[in-house]
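Q: Here's a structure for you.
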Amino acid sequence: GEGMPRKLLFLTNVQADLLSSTPGNISKIFQTLDIPKPKLVINFLQSLGATTWYSTLPTGSGASTACLQPGVVPERLLWEVPAQASEAEHNLVRFMQMVLIPLAVETNAVVIGCANRGDCMLMTAFSEA
């Protein structure tokens, strides 16, 4: 919720590679940020298909399936009606609230995922929860 202290560390790919290339760097970061040793790593793989992601796709005669992911059809959601897409996204946020965030807190989890809003349904739902 709002007003709760959070500790976040955003890294570019180059920074993450540099950080992970030297043994002990991760432990030093946890110590510096006063973060307890994590017992779990949650790695959200990119999950395309959110309504926000679909809204960024090219439309009309300029839409080409060549630039899209397999199975993606321009201007057509994966659900029969948009209300189903909204319900699925809402249910995903509730799952994060009820299951994954309590688990992450209990285990001092490190959460890894794409920070670009809308590029990953799972990370977007996690951050909205």
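Just remember, in the structure tokens the first chain shown is A, the second B, etc., residues are 1-based per chain, and ligands are 1-based in the order shown.
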Going by DSSP on the backbone, which bits of segment 12-129 of chain A are strand (DSSP E or B)? Write them as a PyMOL selection string, please.

A: chain A and resi 41-43+73+76+110-112

Q: Keeping only all heavy atoms, take the residues you just selected and write them out as a PDB file, in the first residue's frame.

A:
ATOM      1  N   VAL A  41      13.735 -16.801  -5.025  1.00  0.00           N
ATOM      2  CA  VAL A  41      13.858 -15.886  -6.156  1.00  0.00           C
ATOM      3  C   VAL A  41      12.630 -16.098  -7.029  1.00  0.00           C
ATOM      4  O   VAL A  41      12.331 -17.225  -7.425  1.00  0.00           O
ATOM      5  CB  VAL A  41      15.143 -16.144  -6.971  1.00  0.00           C
ATOM      6  CG1 VAL A  41      15.165 -15.283  -8.228  1.00  0.00           C
ATOM      7  CG2 VAL A  41      16.374 -15.889  -6.123  1.00  0.00           C
ATOM      8  N   ILE A  42      11.907 -15.021  -7.300  1.00  0.00           N
ATOM      9  CA  ILE A  42      10.753 -15.060  -8.197  1.00  0.00           C
ATOM     10  C   ILE A  42      11.187 -14.363  -9.477  1.00  0.00           C
ATOM     11  O   ILE A  42      11.482 -13.166  -9.460  1.00  0.00           O
ATOM     12  CB  ILE A  42       9.529 -14.360  -7.587  1.00  0.00           C
ATOM     13  CG1 ILE A  42       9.111 -15.048  -6.290  1.00  0.00           C
ATOM     14  CG2 ILE A  42       8.376 -14.326  -8.593  1.00  0.00           C
ATOM     15  CD1 ILE A  42       8.045 -14.303  -5.504  1.00  0.00           C
ATOM     16  N   ASN A  43      11.259 -15.112 -10.566  1.00  0.00           N
ATOM     17  CA  ASN A  43      11.701 -14.575 -11.848  1.00  0.00           C
ATOM     18  C   ASN A  43      10.526 -14.611 -12.817  1.00  0.00           C
ATOM     19  O   ASN A  43      10.157 -15.672 -13.316  1.00  0.00           O
ATOM     20  CB  ASN A  43      12.878 -15.397 -12.376  1.00  0.00           C
ATOM     21  CG  ASN A  43      13.453 -14.825 -13.651  1.00  0.00           C
ATOM     22  OD1 ASN A  43      13.076 -13.745 -14.101  1.00  0.00           O
ATOM     23  ND2 ASN A  43      14.372 -15.559 -14.254  1.00  0.00           N
ATOM     24  N   VAL A  73      -2.616 -12.112 -33.251  1.00  0.00           N
ATOM     25  CA  VAL A  73      -3.291 -11.584 -34.430  1.00  0.00           C
ATOM     26  C   VAL A  73      -3.592 -10.116 -34.147  1.00  0.00           C
ATOM     27  O   VAL A  73      -4.235  -9.806 -33.147  1.00  0.00           O
ATOM     28  CB  VAL A  73      -4.605 -12.349 -34.720  1.00  0.00           C
ATOM     29  CG1 VAL A  73      -5.324 -11.752 -35.909  1.00  0.00           C
ATOM     30  CG2 VAL A  73      -4.318 -13.826 -34.931  1.00  0.00           C
ATOM     31  N   ARG A  76      -6.888  -8.291 -32.379  1.00  0.00           N
ATOM     32  CA  ARG A  76      -7.736  -9.364 -31.845  1.00  0.00           C
ATOM     33  C   ARG A  76      -7.126  -9.881 -30.550  1.00  0.00           C
ATOM     34  O   ARG A  76      -6.053 -10.470 -30.542  1.00  0.00           O
ATOM     35  CB  ARG A  76      -7.839 -10.498 -32.860  1.00  0.00           C
ATOM     36  CG  ARG A  76      -8.800 -11.575 -32.414  1.00  0.00           C
ATOM     37  CD  ARG A  76      -9.066 -12.542 -33.546  1.00  0.00           C
ATOM     38  NE  ARG A  76      -9.239 -13.860 -32.950  1.00  0.00           N
ATOM     39  CZ  ARG A  76      -8.910 -14.977 -33.521  1.00  0.00           C
ATOM     40  NH1 ARG A  76      -8.390 -14.976 -34.727  1.00  0.00           N
ATOM     41  NH2 ARG A  76      -9.083 -16.121 -32.920  1.00  0.00           N
ATOM     42  N   VAL A 110      13.574 -12.229  -3.657  1.00  0.00           N
ATOM     43  CA  VAL A 110      14.083 -11.308  -4.663  1.00  0.00           C
ATOM     44  C   VAL A 110      13.191 -11.509  -5.880  1.00  0.00           C
ATOM     45  O   VAL A 110      13.000 -12.641  -6.333  1.00  0.00           O
ATOM     46  CB  VAL A 110      15.550 -11.616  -5.023  1.00  0.00           C
ATOM     47  CG1 VAL A 110      16.003 -10.786  -6.211  1.00  0.00           C
ATOM     48  CG2 VAL A 110      16.446 -11.382  -3.827  1.00  0.00           C
ATOM     49  N   VAL A 111      12.621 -10.414  -6.390  1.00  0.00           N
ATOM     50  CA  VAL A 111      11.711 -10.497  -7.533  1.00  0.00           C
ATOM     51  C   VAL A 111      12.401  -9.880  -8.748  1.00  0.00           C
ATOM     52  O   VAL A 111      12.867  -8.743  -8.694  1.00  0.00           O
ATOM     53  CB  VAL A 111      10.387  -9.760  -7.247  1.00  0.00           C
ATOM     54  CG1 VAL A 111       9.452  -9.848  -8.443  1.00  0.00           C
ATOM     55  CG2 VAL A 111       9.732 -10.334  -5.996  1.00  0.00           C
ATOM     56  N   ILE A 112      12.451 -10.652  -9.829  1.00  0.00           N
ATOM     57  CA  ILE A 112      13.110 -10.218 -11.056  1.00  0.00           C
ATOM     58  C   ILE A 112      12.068 -10.189 -12.164  1.00  0.00           C
ATOM     59  O   ILE A 112      11.288 -11.127 -12.328  1.00  0.00           O
ATOM     60  CB  ILE A 112      14.245 -11.182 -11.441  1.00  0.00           C
ATOM     61  CG1 ILE A 112      15.268 -11.267 -10.312  1.00  0.00           C
ATOM     62  CG2 ILE A 112      14.900 -10.767 -12.751  1.00  0.00           C
ATOM     63  CD1 ILE A 112      16.276 -12.380 -10.477  1.00  0.00           C
TER      64      ILE A 112
END

Q: Can you list every residue in chain A that DSSP puts in alpha helix (DSSP H), as a PyMOL selection string?

A: chain A and resi 13-20+25-32+51-54+82-95+101-106+121-128

Q: Measuring atom to atom with only C-alpha atoms, identify which of A:Leu77, A:Leu19, A:Met4, A:Met121 is nearest to Tyr54 of chain A.

A: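 Between A:Leu77, A:Leu19, A:Met4, A:Met121, the residue approaching Tyr54 of chain A most closely is A:Leu77.
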
Q: Please list as a PyMOL selection string every residue within 12 Å of segment 21-34 of chain A, counting only C-alpha atoms and excluding residues in the same chain fewer than 2 positions away.

A: chain A and resi 6-9+14-19+36-38+108-110

Q: Which residue is closest to Phe44 of chain A? Choose from A:Val81, A:Ala129, A:Ile101, A:Met123 and count only C-alpha atoms.

A: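 Using only C-alpha atoms, Phe44 of chain A sits closest to A:Met123.
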
Q: In Å, how far is it from atom CA of Asn13 of chain A to atom CA of Arg117 of chain A?

A: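 Atom CA of Arg117 of chain A lies at a distance of 17.2 Å from atom CA of Asn13 of chain A.
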